[in-house]
Amino acid sequence: MTHAPQRSLQVVAHRGASEDAPEHTLAAYRKAIEDGADALECDVRLTADGHLVCVHDRRVNRTSNGRGAVSALELADLAALDFGSWKTREAWRGRDEEPDWEHRPEDREETSVLTLERLLELVSDAGRRVELAIETKHPTRWAGQVEERLLTLLKRFGLDAPASAAESPVRIMSFSARSLHRVRAAAPTLPTVYLVQFLTPRLRDGRLPAGVRIAGPSIRIVRSNPAYVERLKRAGHQVHVWTVNDPEDVDLCVDLGIDAIITNRPRAVLRRLGRV
Ligand code: G3P
Ligand code: CA
């Protein structure tokens, strides 16, 4: 089997270059762009005062020096927190080499809470095409507000109504079919990705929620069930896999003709693919 460079296989930086720099911060996304990632993945949540911020967990406890649910905090509360110093401790754990990112408290903006708006500005100013895969987190709680605010923001950047899905530099991902349905109803040409963590009998057949053309299974599903990928491909769907950090899994994705690899280590994956 060969693992030749495959331009059509997109490398997506999961929460930024999150192995090296603190996830979901400007520092992590800048590093991913420098590393050559084709696209950036981010999770979005609504603050108590209605701002979309890039945070994975329901609470800020793991990734900041604060406590509490994102939905109970206002943007100003989040802006007072440090989302960087936890990573310095974590980045050193179990590593032989010094990480090439170091938390410097004076770089406040680099490790502050990141709004989706700021991330969109970063991507707009990247100087090359960098795509964005935005995941709506726990959208059911907000009964459509996450999608509404998201589309309003994308509209401001001229990104809500691409001529076709293929041309869109932005796609919306979710584990919630309802969330994707809301996005498609308001923005029919915006591509959507249905994230799959468990294979139900219906999904096993390669079917996706109505109108969704991209499946996002975990690497665990792909490893244990490569035939599922083949069924998706036969049904004409794209397949974007998360979270692929091991070289053997990169090779497996190449062999299966996966369309996008979502990884915490974009540089290492690009190296494995022979692109750097
Ligand atoms: O890219 C999809 C992947 O991010 C889904 O899992 O928990 O990392 O958001 P999670
Ligand atoms: Ca995610």
# chains A, B, ... in the order shown; residues from 1 in each chain; ligands from 1
call {"tool": "select_by_dssp", "arguments": {"residues": "range 93-232 of chain A", "states": "strand (DSSP E or B)", "output": "VMD selection string"}}
result
chain A and resid 115 131 to 136 170 to 174 192 to 196 214 to 218
call {"tool": "write_last_selection", "arguments": {"atoms": "N, CA and C atoms", "output": "mmCIF file, in the first residue's frame"}}
result
data_model
loop_
_atom_site.group_PDB
_atom_site.id
_atom_site.type_symbol
_atom_site.label_atom_id
_atom_site.label_comp_id
_atom_site.auth_asym_id
_atom_site.auth_seq_id
_atom_site.Cartn_x
_atom_site.Cartn_y
_atom_site.Cartn_z
ATOM 1 N N THR A 115 -13.664 34.597 20.688
ATOM 2 C CA THR A 115 -15.018 34.666 20.112
ATOM 3 C C THR A 115 -14.950 34.101 18.690
ATOM 4 N N GLU A 131 -10.117 26.958 5.538
ATOM 5 C CA GLU A 131 -11.539 26.698 5.764
ATOM 6 C C GLU A 131 -11.832 26.580 7.260
ATOM 7 N N LEU A 132 -13.120 26.663 7.572
ATOM 8 C CA LEU A 132 -13.523 26.628 8.977
ATOM 9 C C LEU A 132 -14.644 25.595 9.146
ATOM 10 N N ALA A 133 -14.436 24.654 10.068
ATOM 11 C CA ALA A 133 -15.462 23.648 10.388
ATOM 12 C C ALA A 133 -15.967 23.968 11.792
ATOM 13 N N ILE A 134 -17.191 24.501 11.852
ATOM 14 C CA ILE A 134 -17.729 25.013 13.123
ATOM 15 C C ILE A 134 -18.715 23.997 13.697
ATOM 16 N N GLU A 135 -18.469 23.566 14.926
ATOM 17 C CA GLU A 135 -19.366 22.585 15.560
ATOM 18 C C GLU A 135 -20.268 23.266 16.574
ATOM 19 N N THR A 136 -21.576 23.068 16.433
ATOM 20 C CA THR A 136 -22.526 23.616 17.412
ATOM 21 C C THR A 136 -22.607 22.645 18.589
ATOM 22 N N VAL A 170 -16.734 27.506 4.681
ATOM 23 C CA VAL A 170 -17.242 27.216 6.032
ATOM 24 C C VAL A 170 -18.197 26.034 5.954
ATOM 25 N N ARG A 171 -18.131 25.163 6.945
ATOM 26 C CA ARG A 171 -19.143 24.103 7.075
ATOM 27 C C ARG A 171 -19.542 24.008 8.550
ATOM 28 N N ILE A 172 -20.758 23.533 8.746
ATOM 29 C CA ILE A 172 -21.294 23.445 10.106
ATOM 30 C C ILE A 172 -21.418 21.967 10.480
ATOM 31 N N MET A 173 -20.891 21.628 11.636
ATOM 32 C CA MET A 173 -20.916 20.239 12.098
ATOM 33 C C MET A 173 -21.732 20.155 13.384
ATOM 34 N N SER A 174 -22.322 18.964 13.595
ATOM 35 C CA SER A 174 -23.013 18.761 14.869
ATOM 36 C C SER A 174 -23.304 17.287 15.083
ATOM 37 N N THR A 192 -23.119 20.846 5.600
ATOM 38 C CA THR A 192 -23.307 20.388 6.983
ATOM 39 C C THR A 192 -22.687 19.002 7.144
ATOM 40 N N VAL A 193 -22.189 18.758 8.344
ATOM 41 C CA VAL A 193 -21.503 17.494 8.655
ATOM 42 C C VAL A 193 -22.198 16.862 9.855
ATOM 43 N N TYR A 194 -22.671 15.627 9.690
ATOM 44 C CA TYR A 194 -23.302 14.932 10.816
ATOM 45 C C TYR A 194 -22.245 14.092 11.527
ATOM 46 N N LEU A 195 -21.956 14.469 12.772
ATOM 47 C CA LEU A 195 -20.932 13.775 13.551
ATOM 48 C C LEU A 195 -21.503 12.487 14.134
ATOM 49 N N VAL A 196 -20.720 11.416 14.021
ATOM 50 C CA VAL A 196 -21.202 10.095 14.447
ATOM 51 C C VAL A 196 -20.260 9.521 15.499
ATOM 52 N N ILE A 214 -22.187 15.086 4.316
ATOM 53 C CA ILE A 214 -20.879 14.736 4.884
ATOM 54 C C ILE A 214 -21.083 14.027 6.221
ATOM 55 N N ALA A 215 -20.410 12.865 6.364
ATOM 56 C CA ALA A 215 -20.456 12.135 7.637
ATOM 57 C C ALA A 215 -19.173 12.403 8.399
ATOM 58 N N GLY A 216 -19.289 12.504 9.719
ATOM 59 C CA GLY A 216 -18.107 12.734 10.553
ATOM 60 C C GLY A 216 -17.969 11.666 11.619
ATOM 61 N N PRO A 217 -17.556 10.443 11.226
ATOM 62 C CA PRO A 217 -17.393 9.392 12.240
ATOM 63 C C PRO A 217 -16.088 9.544 13.008
ATOM 64 N N SER A 218 -16.048 8.971 14.206
ATOM 65 C CA SER A 218 -14.801 8.958 14.976
ATOM 66 C C SER A 218 -13.838 7.966 14.338
#
call {"tool": "residues_near_ligand", "arguments": {"ligand": "ligand 1", "cutoff": "7 Å", "atoms": "only C-alpha atoms and all ligand atoms", "output": "PyMOL selection string"}}
result
chain A and resi 14+41+43+56+195+216+242-243+262
call {"tool": "atom_distance", "arguments": {"atom1": "CA of Arg178 in chain A", "atom2": "CA of Ala48 in chain A"}}
result
22.0 Å
call {"tool": "closest_residue", "arguments": {"among": "A:Phe175, A:Asn225, A:Leu116, A:Gly211", "to": "Phe157 in chain A", "atoms": "only C-alpha atoms"}}
result
A:Leu116
call {"tool": "select_by_dssp", "arguments": {"residues": "range 36-269 of chain A", "states": "helix (DSSP H, G or I)", "output": "MDAnalysis selection string"}}
result
chainID A and resid 70:72 75:79 85:92 109:111 116:124 139:142 145:156 165:167 177:186 201:204 219:224 226:234 247:256 266:269
call {"tool": "write_last_selection", "arguments": {"atoms": "C-alpha atoms", "output": "compact mmCIF listing (two decimals), in the first residue's frame"}}
result
# COMPACT_ATOMS: atom_id res chain seq x y z
CA VAL A 70 -20.13 29.09 29.69
CA SER A 71 -23.89 29.61 29.42
CA ALA A 72 -23.98 31.16 32.91
CA LEU A 75 -18.39 37.56 27.71
CA ALA A 76 -16.76 40.07 30.08
CA ASP A 77 -16.49 37.35 32.78
CA LEU A 78 -14.84 34.99 30.30
CA ALA A 79 -12.53 37.72 29.00
CA SER A 85 -1.57 28.52 31.54
CA TRP A 86 -3.18 25.08 32.03
CA LYS A 87 -1.56 24.03 28.76
CA THR A 88 1.97 24.75 29.90
CA ARG A 89 1.57 22.15 32.63
CA GLU A 90 -0.14 19.71 30.27
CA ALA A 91 2.21 20.22 27.32
CA TRP A 92 5.24 19.18 29.35
CA GLU A 109 -5.09 38.16 23.60
CA GLU A 110 -3.35 34.99 22.43
CA THR A 111 -4.77 32.98 25.31
CA LEU A 116 -16.11 33.12 16.84
CA GLU A 117 -16.06 36.62 15.38
CA ARG A 118 -12.32 36.97 16.17
CA LEU A 119 -11.65 33.56 14.66
CA LEU A 120 -13.47 34.56 11.48
CA GLU A 121 -11.28 37.69 11.32
CA LEU A 122 -8.15 35.57 11.73
CA VAL A 123 -9.22 33.28 8.88
CA SER A 124 -10.14 36.26 6.66
CA PRO A 139 -27.72 23.47 20.61
CA THR A 140 -30.98 21.95 21.91
CA ARG A 141 -30.75 23.95 25.13
CA TRP A 142 -30.92 27.18 23.17
CA GLN A 145 -30.44 30.64 19.11
CA VAL A 146 -27.00 29.14 18.48
CA GLU A 147 -27.76 28.58 14.79
CA GLU A 148 -29.48 31.97 14.45
CA ARG A 149 -26.52 33.87 15.92
CA LEU A 150 -24.09 31.75 13.96
CA LEU A 151 -25.77 32.50 10.65
CA THR A 152 -26.09 36.20 11.49
CA LEU A 153 -22.36 36.32 12.15
CA LEU A 154 -21.51 34.37 8.98
CA LYS A 155 -23.70 36.77 7.01
CA ARG A 156 -21.62 39.72 8.27
CA ALA A 165 -21.49 23.67 -0.91
CA ALA A 166 -18.28 22.79 -2.77
CA GLU A 167 -17.23 26.44 -2.87
CA ALA A 177 -29.46 16.37 13.44
CA ARG A 178 -31.90 19.04 14.61
CA SER A 179 -29.17 21.66 14.71
CA LEU A 180 -28.08 20.79 11.16
CA HIS A 181 -31.69 20.89 10.03
CA ARG A 182 -32.04 24.43 11.37
CA VAL A 183 -28.88 25.49 9.55
CA ARG A 184 -30.02 23.94 6.28
CA ALA A 185 -33.47 25.50 6.54
CA ALA A 186 -31.96 28.99 6.84
CA PRO A 201 -28.51 0.31 12.63
CA ARG A 202 -29.89 3.17 10.51
CA LEU A 203 -26.53 4.92 10.27
CA ARG A 204 -24.73 1.63 9.63
CA ILE A 219 -11.55 7.19 14.11
CA ARG A 220 -12.63 4.44 16.53
CA ILE A 221 -15.64 3.68 14.28
CA VAL A 222 -13.48 3.83 11.14
CA ARG A 223 -10.88 1.46 12.61
CA SER A 224 -13.43 -1.11 13.71
CA PRO A 226 -14.03 0.27 7.50
CA ALA A 227 -16.98 -1.15 5.55
CA TYR A 228 -19.05 1.71 6.98
CA VAL A 229 -16.78 4.18 5.18
CA GLU A 230 -17.22 2.25 1.95
CA ARG A 231 -21.01 2.39 2.32
CA LEU A 232 -20.89 6.13 2.91
CA LYS A 233 -18.69 6.63 -0.13
CA ARG A 234 -20.96 4.43 -2.26
CA PRO A 247 0.47 7.83 12.03
CA GLU A 248 -1.13 4.40 11.48
CA ASP A 249 -4.56 5.99 11.56
CA VAL A 250 -3.45 8.61 9.03
CA ASP A 251 -2.36 5.77 6.73
CA LEU A 252 -5.70 4.02 7.24
CA CYS A 253 -7.56 7.21 6.29
CA VAL A 254 -5.49 7.52 3.10
CA ASP A 255 -6.17 3.90 2.18
CA LEU A 256 -9.91 4.33 2.73
CA PRO A 266 -1.74 19.18 11.78
CA ARG A 267 2.02 19.50 11.22
CA ALA A 268 2.70 15.82 11.98
CA VAL A 269 -0.17 14.70 9.75
call {"tool": "atom_distance", "arguments": {"atom1": "CA of Val130 in chain A", "atom2": "CA of Asp35 in chain A"}}
result
11.7 Å
call {"tool": "closest_residue", "arguments": {"among": "A:Arg207, A:Arg30, A:Ala260, A:Pro162", "to": "Gly236 in chain A", "atoms": "only C-alpha atoms"}}
result
A:Arg207
call {"tool": "closest_residue", "arguments": {"among": "A:Arg67, A:Arg62, A:Arg271, A:Arg108", "to": "Asp82 in chain A", "atoms": "only C-alpha atoms"}}
result
A:Arg108
call {"tool": "closest_residue", "arguments": {"among": "A:Asp107, A:Glu19, A:Asp57, A:Glu74", "to": "ligand 2", "atoms": "only C-alpha atoms and all ligand atoms"}}
result
A:Asp57
call {"tool": "residues_around", "arguments": {"residues": "Tyr29 in chain A", "least_positions_apart": "3", "cutoff": "8 Å", "atoms": "only C-alpha atoms", "output": "list in words"}}
result
Ala13, Arg15, Gly16, Ala17, His24, Thr25, Leu26, Ala32, Ile33 and Leu40 of chain A
call {"tool": "write_last_selection", "arguments": {"atoms": "N, CA and C atoms", "output": "PDB file, in the first residue's frame"}}
result
ATOM      1  N   ALA A  13      -7.271  21.291  11.597  1.00  0.00           N
ATOM      2  CA  ALA A  13      -6.687  21.426  12.935  1.00  0.00           C
ATOM      3  C   ALA A  13      -7.794  21.450  13.983  1.00  0.00           C
ATOM      4  N   ARG A  15      -9.559  22.077  17.170  1.00  0.00           N
ATOM      5  CA  ARG A  15      -9.447  23.110  18.225  1.00  0.00           C
ATOM      6  C   ARG A  15      -8.161  23.926  18.030  1.00  0.00           C
ATOM      7  N   GLY A  16      -7.687  24.009  16.777  1.00  0.00           N
ATOM      8  CA  GLY A  16      -6.396  24.643  16.477  1.00  0.00           C
ATOM      9  C   GLY A  16      -5.306  23.585  16.521  1.00  0.00           C
ATOM     10  N   ALA A  17      -4.038  24.025  16.555  1.00  0.00           N
ATOM     11  CA  ALA A  17      -2.936  23.055  16.718  1.00  0.00           C
ATOM     12  C   ALA A  17      -2.895  22.722  18.209  1.00  0.00           C
ATOM     13  N   HIS A  24      -8.499  26.068  21.204  1.00  0.00           N
ATOM     14  CA  HIS A  24      -9.487  27.139  21.028  1.00  0.00           C
ATOM     15  C   HIS A  24      -8.968  28.530  21.380  1.00  0.00           C
ATOM     16  N   THR A  25      -7.645  28.730  21.321  1.00  0.00           N
ATOM     17  CA  THR A  25      -7.119  30.089  21.540  1.00  0.00           C
ATOM     18  C   THR A  25      -6.550  30.607  20.225  1.00  0.00           C
ATOM     19  N   LEU A  26      -6.364  31.913  20.159  1.00  0.00           N
ATOM     20  CA  LEU A  26      -5.721  32.498  18.972  1.00  0.00           C
ATOM     21  C   LEU A  26      -4.370  31.848  18.744  1.00  0.00           C
ATOM     22  N   ALA A  32      -1.782  26.630  13.855  1.00  0.00           N
ATOM     23  CA  ALA A  32      -2.337  25.721  12.844  1.00  0.00           C
ATOM     24  C   ALA A  32      -2.176  26.317  11.445  1.00  0.00           C
ATOM     25  N   ILE A  33      -2.409  27.620  11.321  1.00  0.00           N
ATOM     26  CA  ILE A  33      -2.268  28.274  10.010  1.00  0.00           C
ATOM     27  C   ILE A  33      -0.796  28.249   9.593  1.00  0.00           C
ATOM     28  N   LEU A  40      -9.653  24.764   9.951  1.00  0.00           N
ATOM     29  CA  LEU A  40      -9.632  24.838  11.409  1.00  0.00           C
ATOM     30  C   LEU A  40     -10.976  24.334  11.928  1.00  0.00           C
TER      31      LEU A  40
END
